[in-house]
Amino acid sequence: MRTPNPRSRALAALCCAVLAGSVLTACGSDDDSDNGSGGPSGGGQVTLSVGLFGSFGFEEAGLYKEYEALHPNIKIKQNATQKEEVYWPALQTRLGGGGDLDDIQGVEVGRIVDVVSNQADKWLDLNTLGAQSQTSEYLDWKAKAATTKDGKVLGLGTDIGPMAICYRSDLFQQAGLPTDRNELAQRWSTWDGYLDVGRQFAAKAPKGSAYMDSVTGMYNAMIGQQQTFYYDASGKLIYDQNPSVKAAFDTAARAAQDGLSAKLVQFQTDWDQAFAKGGFATISCPSWMIGYIKEKAGDATKGKWDVAAAPGATGNWGGSYLAIPKGAKHAKEAYELLTWLTAKEQQAKLFEKRGSFPSRTGAISQVAGTTDAYFNNAPIGQIFSQAAQKMPVQTLGVRDNDVKVSIQNALNSVEAQGVKPDDAWKDAKASVKAALG
């Protein structure tokens, strides 16, 4: 998820108390019984709460109902918030003793280093519940990122976020541009090429349509193609010295100054509404965005959306883990649900229904031939599989998401307020310093 940061990446039913409209709260039913060891006494019904950010797709794909049918003694309550940057601080408060915890918590890839490096005492070592049999089935880097130096496994992977470009073929046609996904992939094989196509679109754009949704999405896609971005391998913060970060910032800022963006803030209400209204023609599209587009754009645009390879034909944005906090009420049952939700069969099903690309190798091979009727029968399995194969093994940092949010906010100021890029970059650095202390 997803953010999102970048995973998610968004939308599900909230239950219990709300902070800023979206804090997650554990919601066990009053009749749950607990013998004090993480399991139910007397075989009674157990309510498992799952705390997520964005849209992991479990509920939307019917996986909770399927699991409940297989396990009549289990009831699942999902607590989700739209924005990961709201979800995570609230979870930190609860981990520190400020409230009830969900039995399962989502962890965005940009937070996993913090969990492994600084929070191992707050999360269950899943090896104690049998995770040794699971980790070998994952992409090697995905499993290692959630494993401490002394071998504790603190989370199991859900999806990864290989990159593409999703676009409205009808809007391209109205602007006099080609609509064939292979031709477009050749035209925007580089990010400069992507902006060139954008300028051609802007010259004849249909009324009310911009070329891209937001320059922050483009920035995240560019960063996702780098092996090293905010931190180096030693854990040193290097974002302000890394030419790849500054180049991505400058390119995104140039797109804003050229008027190629709809000036939308991702995951806000007006951004959601723009999917259905044709407010933009392209979006940097990690695989998990497929399900988001379907949900927000609706049936009216089925067949009008398409998918092409991204500039560079690779990159990763987002991807998440499921973990169990030490305060979980039903650890054993939570682990059984967690392993079922992340099993290769469910990962393959989530890709076919929602576009969430698998992190288990068996599921990756299973989805390679998947097409999607909503996206004009685009070969999404092939496009995202090829992007994943070229994906660099990235160096993750403890506070990646905090750095990313500061830079995104600075780009938003260029886009929406006309702040000069040099001034915005200075603002970004000041914001990072304030956030990291």
# chains A, B, ... in the order shown; residues from 1 in each chain; ligands from 1
call {"tool": "select_by_dssp", "arguments": {"residues": "region 202-268 of chain A", "states": "strand (DSSP E or B)", "output": "ChimeraX atom specification"}}
result
/A:210-212,231,237,261
call {"tool": "residues_around", "arguments": {"residues": "Ala309 (chain A)", "least_positions_apart": "5", "cutoff": "7 Å", "atoms": "only C-alpha atoms", "output": "mmCIF file with C-alpha atoms, in the first residue's frame"}}
result
data_model
loop_
_atom_site.group_PDB
_atom_site.id
_atom_site.type_symbol
_atom_site.label_atom_id
_atom_site.label_comp_id
_atom_site.auth_asym_id
_atom_site.auth_seq_id
_atom_site.Cartn_x
_atom_site.Cartn_y
_atom_site.Cartn_z
ATOM 1 C CA ALA A 164 3.539 1.506 -15.334
ATOM 2 C CA ILE A 165 1.604 4.466 -16.747
ATOM 3 C CA ALA A 185 5.700 3.227 -24.324
ATOM 4 C CA ILE A 383 3.743 -5.285 -18.039
#
call {"tool": "select_by_dssp", "arguments": {"residues": "region 172-343 of chain A", "states": "alpha helix (DSSP H)", "output": "JSON, numbers by chain"}}
result
{"A": [172, 173, 174, 181, 182, 183, 184, 185, 186, 187, 191, 192, 193, 194, 195, 196, 197, 198, 199, 200, 201, 202, 203, 215, 216, 217, 218, 219, 220, 221, 222, 223, 243, 244, 245, 246, 247, 248, 249, 250, 251, 252, 253, 254, 255, 256, 257, 269, 270, 271, 272, 273, 274, 275, 276, 277, 289, 290, 291, 292, 293, 294, 295, 296, 297, 331, 332, 333, 334, 335, 336, 337, 338, 339, 340, 341]}
call {"tool": "residues_around", "arguments": {"residues": "region 105-111 of chain A", "least_positions_apart": "5", "cutoff": "6 Å", "atoms": "only C-alpha atoms", "output": "number ranges by chain"}}
result
A: 2, 50-52, 319-323, 400-401
call {"tool": "residues_around", "arguments": {"residues": "Lys326 (chain A)", "least_positions_apart": "6", "cutoff": "8 Å", "atoms": "only C-alpha atoms", "output": "count of residues only"}}
result
3
call {"tool": "atom_distance", "arguments": {"atom1": "CA of Ala252 (chain A)", "atom2": "CA of Pro421 (chain A)"}}
result
9.6 Å
call {"tool": "residues_around", "arguments": {"residues": "Tyr374 (chain A)", "least_positions_apart": "3", "cutoff": "7 Å", "atoms": "only C-alpha atoms", "output": "VMD selection string"}}
result
chain A and resid 302 to 303 305 377
call {"tool": "residues_around", "arguments": {"residues": "region 415-419 of chain A", "least_positions_apart": "4", "cutoff": "12 Å", "atoms": "only C-alpha atoms", "output": "MDAnalysis selection string"}}
result
chainID A and resid 212:216 249 252:265 408:411 423:428
call {"tool": "write_last_selection", "arguments": {"atoms": "C-alpha atoms", "output": "CSV table (one decimal), in the first residue's frame"}}
result
chain,number,residue,atom,x,y,z
A,212,MET,CA,-1.2,14.2,-15.4
A,213,ASP,CA,-2.9,14.1,-12.0
A,214,SER,CA,-0.1,15.4,-9.8
A,215,VAL,CA,3.6,16.0,-10.1
A,216,THR,CA,4.1,14.2,-6.8
A,249,PHE,CA,12.5,17.0,-7.9
A,252,ALA,CA,8.6,17.2,-11.4
A,253,ALA,CA,8.8,20.9,-10.7
A,254,ARG,CA,9.3,21.6,-14.4
A,255,ALA,CA,6.2,19.6,-15.2
A,256,ALA,CA,4.3,21.8,-12.8
A,257,GLN,CA,5.7,25.0,-14.3
A,258,ASP,CA,4.8,23.8,-17.8
A,259,GLY,CA,1.2,23.4,-16.7
A,260,LEU,CA,1.0,19.7,-17.3
A,261,SER,CA,-0.7,18.8,-14.0
A,262,ALA,CA,-4.2,19.0,-12.7
A,263,LYS,CA,-2.7,20.3,-9.5
A,264,LEU,CA,-4.4,17.6,-7.4
A,265,VAL,CA,-3.2,16.3,-4.1
A,408,GLN,CA,5.9,16.0,-1.8
A,409,ASN,CA,4.6,19.0,0.2
A,410,ALA,CA,7.2,21.2,-1.4
A,411,LEU,CA,6.3,20.0,-4.9
A,423,ASP,CA,12.6,28.0,-2.8
A,424,ALA,CA,10.5,24.9,-2.6
A,425,TRP,CA,13.6,22.7,-2.4
A,426,LYS,CA,14.9,24.9,0.5
A,427,ASP,CA,11.5,24.5,2.2
A,428,ALA,CA,11.7,20.7,1.7
call {"tool": "residues_around", "arguments": {"residues": "Asp140 (chain A)", "least_positions_apart": "6", "cutoff": "12 Å", "atoms": "only C-alpha atoms", "output": "number ranges by chain"}}
result
A: 134, 146-147, 157, 359-361, 393
call {"tool": "write_last_selection", "arguments": {"atoms": "C-alpha atoms", "output": "PDB file, in the first residue's frame"}}
result
ATOM      1  CA  GLN A 134       6.932 -18.893   4.840  1.00  0.00           C
ATOM      2  CA  ALA A 146      11.267  -7.474   7.564  1.00  0.00           C
ATOM      3  CA  THR A 147      13.926  -9.601   9.296  1.00  0.00           C
ATOM      4  CA  GLY A 157       4.850  -9.292   2.714  1.00  0.00           C
ATOM      5  CA  SER A 359       5.632 -10.631  -3.538  1.00  0.00           C
ATOM      6  CA  ARG A 360       5.613 -14.449  -3.409  1.00  0.00           C
ATOM      7  CA  THR A 361       7.471 -15.997  -6.336  1.00  0.00           C
ATOM      8  CA  VAL A 393      16.946  -3.863  -4.824  1.00  0.00           C
TER       9      VAL A 393
END
call {"tool": "atom_distance", "arguments": {"atom1": "CA of Leu337 (chain A)", "atom2": "CA of Asp100 (chain A)"}}
result
19.4 Å
call {"tool": "closest_residue", "arguments": {"among": "A:Phe53, A:Tyr335, A:Trp317, A:Tyr230", "to": "Thr395 (chain A)", "atoms": "only C-alpha atoms"}}
result
A:Tyr230
call {"tool": "closest_residue", "arguments": {"among": "A:Leu95, A:Gln174, A:Gly437, A:Leu184", "to": "Arg399 (chain A)", "atoms": "only C-alpha atoms"}}
result
A:Gly437
call {"tool": "closest_residue", "arguments": {"among": "A:Gly291, A:Gly217, A:Gly193, A:Pro392", "to": "Lys404 (chain A)", "atoms": "only C-alpha atoms"}}
result
A:Gly217
call {"tool": "closest_atom_pairs", "arguments": {"of": "region 189-301 of chain A", "to": "region 64-83 of chain A", "cutoff": "12 Å", "atoms": "only C-alpha atoms", "output": "JSON lines"}}
result
{"residue": "A:Val265", "atom": "CA", "partner": "A:Lys83", "partner_atom": "CA", "distance": 11.7}
{"residue": "A:Gln266", "atom": "CA", "partner": "A:Lys83", "partner_atom": "CA", "distance": 9.6}
{"residue": "A:Phe267", "atom": "CA", "partner": "A:Lys83", "partner_atom": "CA", "distance": 7.1}
{"residue": "A:Gln268", "atom": "CA", "partner": "A:Gln82", "partner_atom": "CA", "distance": 8.8}
{"residue": "A:Thr269", "atom": "CA", "partner": "A:Gln82", "partner_atom": "CA", "distance": 10.4}
{"residue": "A:Asp272", "atom": "CA", "partner": "A:Gln82", "partner_atom": "CA", "distance": 11.4}
{"residue": "A:Tyr292", "atom": "CA", "partner": "A:Gln82", "partner_atom": "CA", "distance": 11.9}
call {"tool": "atom_distance", "arguments": {"atom1": "CA of Ala281 (chain A)", "atom2": "CA of Gln389 (chain A)"}}
result
27.0 Å
call {"tool": "closest_residue", "arguments": {"among": "A:Val432, A:Met222, A:Cys166, A:Ala310", "to": "Gln186 (chain A)", "atoms": "only C-alpha atoms"}}
result
A:Ala310
call {"tool": "closest_residue", "arguments": {"among": "A:Ala205, A:Met163, A:Ala343, A:Met289", "to": "Thr135 (chain A)", "atoms": "only C-alpha atoms"}}
result
A:Ala343
call {"tool": "closest_residue", "arguments": {"among": "A:Ala143, A:Val116, A:Ala233, A:Ala373", "to": "Thr158 (chain A)", "atoms": "only C-alpha atoms"}}
result
A:Ala143
call {"tool": "decode", "arguments": {"residues": "region 370-401 of chain A", "atoms": "C-alpha atoms", "output": "PDB file, in the first residue's frame"}}
result
ATOM      1  CA  THR A 370      -3.223 -11.797 -16.637  1.00  0.00           C
ATOM      2  CA  THR A 371      -5.154  -9.275 -18.735  1.00  0.00           C
ATOM      3  CA  ASP A 372      -7.690  -6.731 -17.519  1.00  0.00           C
ATOM      4  CA  ALA A 373     -10.918  -5.976 -19.388  1.00  0.00           C
ATOM      5  CA  TYR A 374     -11.400  -2.686 -17.528  1.00  0.00           C
ATOM      6  CA  PHE A 375      -8.100  -1.472 -18.974  1.00  0.00           C
ATOM      7  CA  ASN A 376      -8.922  -2.393 -22.580  1.00  0.00           C
ATOM      8  CA  ASN A 377      -7.598  -5.932 -22.052  1.00  0.00           C
ATOM      9  CA  ALA A 378      -4.129  -4.620 -21.260  1.00  0.00           C
ATOM     10  CA  PRO A 379      -1.612  -7.418 -20.501  1.00  0.00           C
ATOM     11  CA  ILE A 380      -1.066  -6.158 -16.981  1.00  0.00           C
ATOM     12  CA  GLY A 381       0.558  -9.398 -15.843  1.00  0.00           C
ATOM     13  CA  GLN A 382       3.236  -9.038 -18.490  1.00  0.00           C
ATOM     14  CA  ILE A 383       3.743  -5.285 -18.039  1.00  0.00           C
ATOM     15  CA  PHE A 384       4.091  -5.399 -14.260  1.00  0.00           C
ATOM     16  CA  SER A 385       6.098  -8.656 -14.271  1.00  0.00           C
ATOM     17  CA  GLN A 386       8.648  -7.140 -16.628  1.00  0.00           C
ATOM     18  CA  ALA A 387       8.852  -4.020 -14.483  1.00  0.00           C
ATOM     19  CA  ALA A 388       9.371  -6.167 -11.388  1.00  0.00           C
ATOM     20  CA  GLN A 389      12.141  -8.184 -13.045  1.00  0.00           C
ATOM     21  CA  LYS A 390      14.104  -4.985 -13.727  1.00  0.00           C
ATOM     22  CA  MET A 391      13.376  -3.481 -10.322  1.00  0.00           C
ATOM     23  CA  PRO A 392      16.484  -2.525  -8.337  1.00  0.00           C
ATOM     24  CA  VAL A 393      16.946  -3.863  -4.824  1.00  0.00           C
ATOM     25  CA  GLN A 394      16.448  -0.611  -2.985  1.00  0.00           C
ATOM     26  CA  THR A 395      18.224   0.777   0.043  1.00  0.00           C
ATOM     27  CA  LEU A 396      15.519   1.623   2.561  1.00  0.00           C
ATOM     28  CA  GLY A 397      15.884   4.098   5.404  1.00  0.00           C
ATOM     29  CA  VAL A 398      14.409   4.463   8.873  1.00  0.00           C
ATOM     30  CA  ARG A 399      12.443   7.641   8.064  1.00  0.00           C
ATOM     31  CA  ASP A 400      11.903   7.287   4.298  1.00  0.00           C
ATOM     32  CA  ASN A 401       8.239   8.204   4.468  1.00  0.00           C
TER      33      ASN A 401
END
